[in-house]
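Next up, run24.cif (mmCIF, C-alpha atoms and all ligand atoms):
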data_coords
#
loop_
_atom_site.label_atom_id
_atom_site.label_comp_id
_atom_site.auth_asym_id
_atom_site.auth_seq_id
_atom_site.Cartn_x
_atom_site.Cartn_y
_atom_site.Cartn_z
CA MET H 1 7.96 13.23 -6.62
CA GLU H 2 4.56 14.32 -7.79
CA ILE H 3 1.60 15.64 -5.77
CA ARG H 4 -1.96 15.44 -7.03
CA VAL H 5 -4.74 17.11 -5.05
CA PHE H 6 -8.48 16.49 -5.58
CA ASP H 7 -11.62 18.09 -4.27
CA ASN H 8 -13.48 14.81 -3.99
CA LEU H 9 -12.77 11.12 -3.56
CA THR H 10 -14.26 10.13 -6.91
CA SER H 11 -11.80 12.31 -8.83
CA LEU H 12 -8.93 10.99 -6.71
CA ASN H 13 -10.01 7.42 -7.45
CA GLU H 14 -10.41 8.21 -11.16
CA SER H 15 -6.96 9.72 -11.40
CA PHE H 16 -5.37 6.83 -9.54
CA THR H 17 -7.16 4.36 -11.82
CA ALA H 18 -5.75 6.12 -14.89
CA TYR H 19 -2.30 5.87 -13.29
CA LEU H 20 -2.76 2.12 -12.71
CA LYS H 21 -3.96 1.61 -16.28
CA GLU H 22 -0.84 3.30 -17.66
CA ILE H 23 1.36 0.90 -15.71
CA LEU H 24 -0.75 -2.05 -16.86
CA ALA H 25 -0.56 -0.93 -20.50
CA ASP H 26 3.21 -1.33 -20.46
CA ARG H 27 3.33 -4.82 -19.01
CA GLU H 28 1.84 -8.26 -19.47
CA ARG H 29 1.11 -8.62 -15.76
CA ILE H 30 1.55 -6.32 -12.80
CA THR H 31 2.27 -7.00 -9.15
CA VAL H 32 0.48 -4.64 -6.78
CA ALA H 33 0.88 -4.42 -3.00
CA LEU H 34 -2.26 -3.13 -1.29
CA SER H 35 -2.71 -1.38 2.02
CA GLY H 36 -5.47 -1.31 4.59
CA GLY H 37 -7.25 1.80 5.74
CA SER H 38 -10.14 3.95 4.69
CA THR H 39 -8.90 5.42 1.39
CA PRO H 40 -8.28 2.06 -0.30
CA LYS H 41 -11.72 0.96 0.86
CA SER H 42 -13.27 3.81 -1.11
CA LEU H 43 -11.04 2.97 -4.09
CA PHE H 44 -12.13 -0.69 -4.01
CA ASP H 45 -15.81 0.32 -3.88
CA TYR H 46 -15.19 2.63 -6.82
CA TRP H 47 -13.49 -0.14 -8.83
CA ALA H 48 -16.21 -2.66 -7.96
CA LYS H 49 -18.83 -0.21 -9.21
CA ASN H 50 -17.11 1.33 -12.24
CA HIS H 51 -14.21 -0.83 -13.40
CA LYS H 52 -15.37 -4.43 -13.32
CA ASN H 53 -14.77 -4.84 -17.05
CA ASP H 54 -12.33 -2.26 -18.36
CA ILE H 55 -9.43 -3.42 -16.22
CA ASP H 56 -8.10 -6.85 -17.15
CA TRP H 57 -8.03 -8.26 -13.59
CA ASN H 58 -6.46 -11.47 -14.94
CA ARG H 59 -3.25 -9.50 -15.40
CA VAL H 60 -3.26 -7.94 -11.92
CA PHE H 61 -1.57 -9.84 -9.08
CA PHE H 62 -2.40 -8.64 -5.59
CA PHE H 63 -0.16 -8.75 -2.54
CA TRP H 64 -0.28 -6.78 0.70
CA GLY H 65 2.07 -4.17 2.10
CA ASP H 66 0.92 -5.09 5.58
CA GLU H 67 -1.55 -7.25 7.44
CA ARG H 68 -2.91 -7.40 10.95
CA CYS H 69 -2.21 -10.72 12.69
CA VAL H 70 -5.81 -11.88 12.82
CA PRO H 71 -7.69 -14.58 10.87
CA PRO H 72 -8.82 -13.71 7.31
CA THR H 73 -12.45 -13.59 8.44
CA ASP H 74 -11.77 -10.98 11.15
CA GLU H 75 -13.16 -7.50 10.53
CA GLN H 76 -9.67 -6.08 11.21
CA SER H 77 -8.10 -8.13 8.41
CA ASN H 78 -6.90 -6.07 5.43
CA TYR H 79 -7.46 -9.12 3.24
CA ASN H 80 -11.04 -9.42 4.50
CA MET H 81 -11.67 -5.76 3.71
CA THR H 82 -10.30 -6.21 0.19
CA ARG H 83 -12.33 -9.38 -0.33
CA GLY H 84 -15.55 -7.68 0.77
CA HIS H 85 -15.05 -4.45 -1.14
CA LEU H 86 -13.26 -5.64 -4.28
CA LEU H 87 -12.40 -9.31 -4.79
CA ASN H 88 -15.99 -10.54 -4.40
CA HIS H 89 -17.13 -8.08 -7.06
CA VAL H 90 -14.68 -8.47 -9.94
CA VAL H 91 -13.65 -11.55 -11.86
CA ILE H 92 -10.11 -12.29 -10.73
CA PRO H 93 -8.50 -15.73 -10.50
CA GLU H 94 -7.74 -16.94 -6.95
CA ARG H 95 -4.18 -17.62 -8.08
CA ASN H 96 -3.69 -13.86 -8.53
CA VAL H 97 -4.22 -13.16 -4.83
CA PHE H 98 -1.35 -13.62 -2.38
CA ARG H 99 -2.53 -12.72 1.06
CA ILE H 100 -0.40 -12.42 4.18
CA LYS H 101 -1.73 -15.13 6.49
CA GLY H 102 -2.60 -13.16 9.60
CA GLU H 103 -3.66 -16.32 11.39
CA ASN H 104 -0.11 -17.73 11.35
CA GLU H 105 2.57 -17.16 13.95
CA PRO H 106 3.85 -13.66 12.99
CA ALA H 107 7.61 -14.35 12.68
CA ALA H 108 7.02 -17.54 10.70
CA GLU H 109 4.56 -15.72 8.45
CA ALA H 110 7.00 -12.84 7.83
CA GLU H 111 9.51 -15.43 6.69
CA ARG H 112 7.01 -17.37 4.58
CA TYR H 113 5.85 -14.18 2.85
CA SER H 114 9.45 -13.06 2.19
CA THR H 115 10.11 -16.36 0.44
CA LEU H 116 6.87 -16.08 -1.50
CA LEU H 117 7.80 -12.56 -2.67
CA GLN H 118 11.13 -13.82 -3.94
CA MET H 119 9.32 -16.38 -6.06
CA GLU H 120 6.37 -14.34 -7.30
CA VAL H 121 7.68 -10.78 -7.72
CA ASP H 122 10.38 -9.71 -10.20
CA LYS H 123 13.57 -8.65 -8.49
CA THR H 124 15.90 -5.69 -8.82
CA ASP H 125 19.34 -6.15 -7.23
CA GLY H 126 18.01 -9.35 -5.66
CA ILE H 127 15.17 -7.49 -3.93
CA PRO H 128 11.47 -8.00 -4.78
CA SER H 129 10.41 -5.03 -6.89
CA PHE H 130 6.64 -4.56 -7.10
CA ASP H 131 5.25 -2.78 -10.14
CA LEU H 132 3.15 -0.74 -7.74
CA ILE H 133 2.91 -0.33 -3.98
CA ILE H 134 -0.12 1.49 -2.60
CA LEU H 135 0.52 3.05 0.80
CA GLY H 136 -1.59 4.92 3.32
CA MET H 137 -0.26 7.18 6.03
CA GLY H 138 -1.49 7.13 9.62
CA ASP H 139 -2.12 10.31 11.60
CA ASP H 140 1.11 9.54 13.47
CA GLY H 141 3.20 9.33 10.27
CA HIS H 142 3.29 5.53 10.07
CA THR H 143 3.13 3.75 6.76
CA ALA H 144 2.46 0.10 5.96
CA SER H 145 2.82 -1.18 9.55
CA ILE H 146 6.06 0.59 10.36
CA PHE H 147 5.23 2.91 13.26
CA PRO H 148 7.37 5.83 14.55
CA GLN H 149 8.02 3.90 17.79
CA GLU H 150 9.66 1.09 15.79
CA ILE H 151 11.18 3.13 12.99
CA GLU H 152 14.31 0.93 13.05
CA LEU H 153 12.24 -1.81 11.38
CA TRP H 154 12.35 0.30 8.22
CA LYS H 155 15.98 -0.58 7.57
CA SER H 156 15.65 -4.28 8.37
CA GLU H 157 17.68 -6.62 6.17
CA SER H 158 14.54 -8.78 5.87
CA PHE H 159 11.89 -8.25 3.21
CA CYS H 160 9.09 -8.61 5.76
CA VAL H 161 9.09 -7.68 9.43
CA VAL H 162 6.89 -8.21 12.48
CA ALA H 163 5.60 -4.95 13.91
CA THR H 164 3.52 -4.13 16.97
CA HIS H 165 0.78 -1.52 16.98
CA PRO H 166 1.88 1.03 19.63
CA GLU H 167 -1.53 1.39 21.29
CA THR H 168 -3.29 -1.94 20.90
CA GLY H 169 -0.22 -4.20 20.94
CA GLN H 170 -1.63 -5.99 17.89
CA LYS H 171 1.05 -7.77 15.87
CA ARG H 172 1.36 -6.91 12.20
CA VAL H 173 3.40 -8.30 9.31
CA SER H 174 4.74 -5.53 7.10
CA LEU H 175 7.02 -5.03 4.12
CA SER H 176 10.32 -3.46 5.14
CA GLY H 177 11.65 -0.18 3.77
CA LYS H 178 14.01 -2.06 1.50
CA VAL H 179 11.12 -3.62 -0.44
CA ILE H 180 9.04 -0.43 -0.43
CA ASN H 181 11.88 1.65 -1.87
CA HIS H 182 12.66 -0.98 -4.52
CA ALA H 183 9.18 -0.79 -6.09
CA GLN H 184 8.83 0.52 -9.64
CA HIS H 185 6.03 2.87 -8.55
CA VAL H 186 4.92 3.91 -5.08
CA VAL H 187 1.79 5.91 -4.34
CA PHE H 188 0.36 7.36 -1.16
CA LEU H 189 -3.42 7.61 -0.96
CA VAL H 190 -4.08 10.04 1.89
CA THR H 191 -7.31 11.82 2.73
CA GLY H 192 -8.83 13.78 5.57
CA THR H 193 -7.97 16.71 7.75
CA THR H 194 -6.29 14.60 10.47
CA LYS H 195 -3.46 13.91 7.99
CA ALA H 196 -2.77 17.54 7.09
CA GLU H 197 -0.03 18.25 9.63
CA LYS H 198 2.05 15.17 8.80
CA VAL H 199 1.52 15.69 5.07
CA LYS H 200 2.97 19.18 5.42
CA LYS H 201 5.98 17.99 7.43
CA ILE H 202 6.69 14.95 5.31
CA ILE H 203 6.31 16.61 1.93
CA GLY H 204 7.60 20.03 2.98
CA SER H 205 10.53 19.06 5.23
CA ARG H 206 11.22 15.43 4.42
CA LYS H 207 14.89 15.49 5.34
CA GLU H 208 14.28 17.00 8.76
CA VAL H 209 11.62 14.48 9.73
CA LYS H 210 12.83 11.32 8.07
CA SER H 211 14.30 9.96 11.29
CA ILE H 212 10.93 10.46 13.03
CA TYR H 213 8.20 9.41 10.61
CA PRO H 214 8.37 6.17 8.61
CA ALA H 215 6.28 7.74 5.83
CA ALA H 216 9.11 10.24 5.29
CA LYS H 217 11.48 7.38 4.51
CA VAL H 218 9.57 6.45 1.38
CA LYS H 219 11.86 7.39 -1.49
CA PRO H 220 11.78 4.76 -4.23
CA ILE H 221 15.03 4.25 -6.13
CA SER H 222 12.93 4.34 -9.32
CA GLY H 223 12.04 7.97 -8.52
CA ASN H 224 8.36 7.20 -9.11
CA LEU H 225 6.50 8.48 -6.06
CA VAL H 226 3.07 10.09 -6.33
CA TRP H 227 0.95 11.48 -3.48
CA PHE H 228 -2.79 11.38 -4.17
CA LEU H 229 -4.36 13.76 -1.63
CA ASP H 230 -7.72 15.31 -1.03
CA GLU H 231 -7.93 19.03 -0.29
CA GLU H 232 -8.27 18.42 3.44
CA ALA H 233 -5.08 16.39 3.70
CA ALA H 234 -3.30 18.96 1.49
CA LYS H 235 -4.66 22.05 3.22
CA LEU H 236 -1.44 23.04 5.05
CA LEU H 237 0.87 22.42 2.12
CA LYS H 238 0.91 25.98 0.86
CA ALA H 239 0.41 27.61 4.25
C1 LIG A 301 -3.18 -0.64 7.99
C2 LIG A 301 -2.46 0.16 7.00
C3 LIG A 301 -2.02 1.52 7.40
C4 LIG A 301 -2.98 2.52 6.79
C5 LIG A 301 -2.87 3.86 7.47
C6 LIG A 301 -3.86 4.86 6.94
O1 LIG A 301 -3.36 -1.80 7.75
O2 LIG A 301 -3.57 -0.07 9.02
O3 LIG A 301 -2.01 -0.38 5.88
O4 LIG A 301 -0.71 1.84 7.08
O5 LIG A 301 -2.76 2.63 5.43
O6 LIG A 301 -3.09 3.68 8.84
O7 LIG A 301 -5.16 4.43 7.22
P1 LIG A 301 -6.42 5.32 6.88
O8 LIG A 301 -6.52 5.44 5.39
O9 LIG A 301 -7.59 4.56 7.45
O10 LIG A 301 -6.21 6.61 7.57
#
Represent the structure from my file as structure tokens, please.
Amino acid sequence: MEIRVFDNLTSLNESFTAYLKEILADRERITVALSGGSTPKSLFDYWAKNHKNDIDWNRVFFFWGDERCVPPTDEQSNYNMTRGHLLNHVVIPERNVFRIKGENEPAAEAERYSTLLQMEVDKTDGIPSFDLIILGMGDDGHTASIFPQEIELWKSESFCVVATHPETGQKRVSLSGKVINHAQHVVFLVTGTTKAEKVKKIIGSRKEVKSIYPAAKVKPISGNLVWFLDEEAAKLLKA
């Protein structure tokens, strides 16, 4: 595991972009699972502004690690956020974008997306193995849409699961732990002071908290896990 800490979002985004480019340099095409949340939004704005042309978007295939069960035009939709902040601004073929259909019945959509992943993503040991999964971490230690209250979903036999947001009751479709830990590269993009306590526990005492926080269960078999943090999220790490 590697930890990179930055004093501003632009440097974090720059470093992550260099990381992505290294993965892309080694392969003809890459499969990338995106997350929702505020840090990816800043990354997408940064790409739309600075990397329209020096990343070959034709070779990047986008999927999602999780989606809220709302229509693609809803302001809560992770796809909608990505469309508005990135996909409308770079030249990328529609066929490269595989959204989770939040408007569908959740269980049926989890199944449809699992089948799609088996067809579109290379497999390791029969399990879809993304070249890169981008994760966020919630203040409560959730990742993708696996929340502490439903941590058992992490070890589902399925590739995709239906989760329920603990406060709003909103349904979500999420990758399971099996798919997350089979990715070739997994990164966390985590910023802000509200994340500091969980960052400290999850990075500093992973084993002790891995039955409590889904984010602590992220341990890709490939060994390639990088945390991209800002100073605020990292502030308790050395304390
Ligand atoms: C989602 C997510 C979720 C997110 C974290 C962090 O759709 O809600 O994919 O797992 O990444 O909640 O979100 P922030 O970056 O906004 O704190």
>> Quick one: residues within 10 Å of Pro93 in chain H, all atoms listed in the file, excluding same-chain residues fewer than 5 positions away - as a PyMOL selection string?
In response: chain H and resi 57-61+87
>> How would you report the residues lying within 7 Å of ligand LIG 301 (chain A), as a list in words, if you count all atoms listed in the file?
In response: Ser35, Gly36, Gly37, Ser38, Thr39, Pro40, Gly65, Asp66, Glu67, Arg68, Asn78, Leu135, Gly136, Met137, Gly138, Asp139, His142, Thr143, Ala144, Ser145, Val190 and Thr191 of chain H
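CA of Val162 in chain H is found 12.1 Å from CA of Arg112 in chain H.
We find CA of Tyr79 in chain H and CA of Val161 in chain H to be spaced 17.7 Å apart.
Here the selection is built from all atoms listed in the file, and the residues within 10 Å of (14.8, -0.5, -4.5) turn out to be Lys123, Thr124, Asp125, Gly126, Ile127, Pro128, Ser129, Phe130, Gly177, Lys178, Val179, Ile180, Asn181, His182, Ala183, Gln184, Lys219, Pro220, Ile221, Ser222 and Gly223 of chain H.
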>> Residues within 8 Å of range 2-10 of chain H, please, as a ChimeraX atom specification. Count all atoms listed in the file; anything in the same chain fewer than 3 positions from it doesn't count.
In response: /H:13-14,42,46,225-231,234
> Of the residues H:Leu20, H:Ser11, H:Leu237, H:Val97, which is the one nearest to Ser205 in chain H, using only C-alpha atoms?
Replying inline: H:Leu237
> Between H:Ala233, H:Ala48, H:Leu43, H:Leu34, which is the closest to Phe62 in chain H once you count only C-alpha atoms?
Replying inline: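 Of all the options, H:Leu34 lies closest to Phe62 in chain H.
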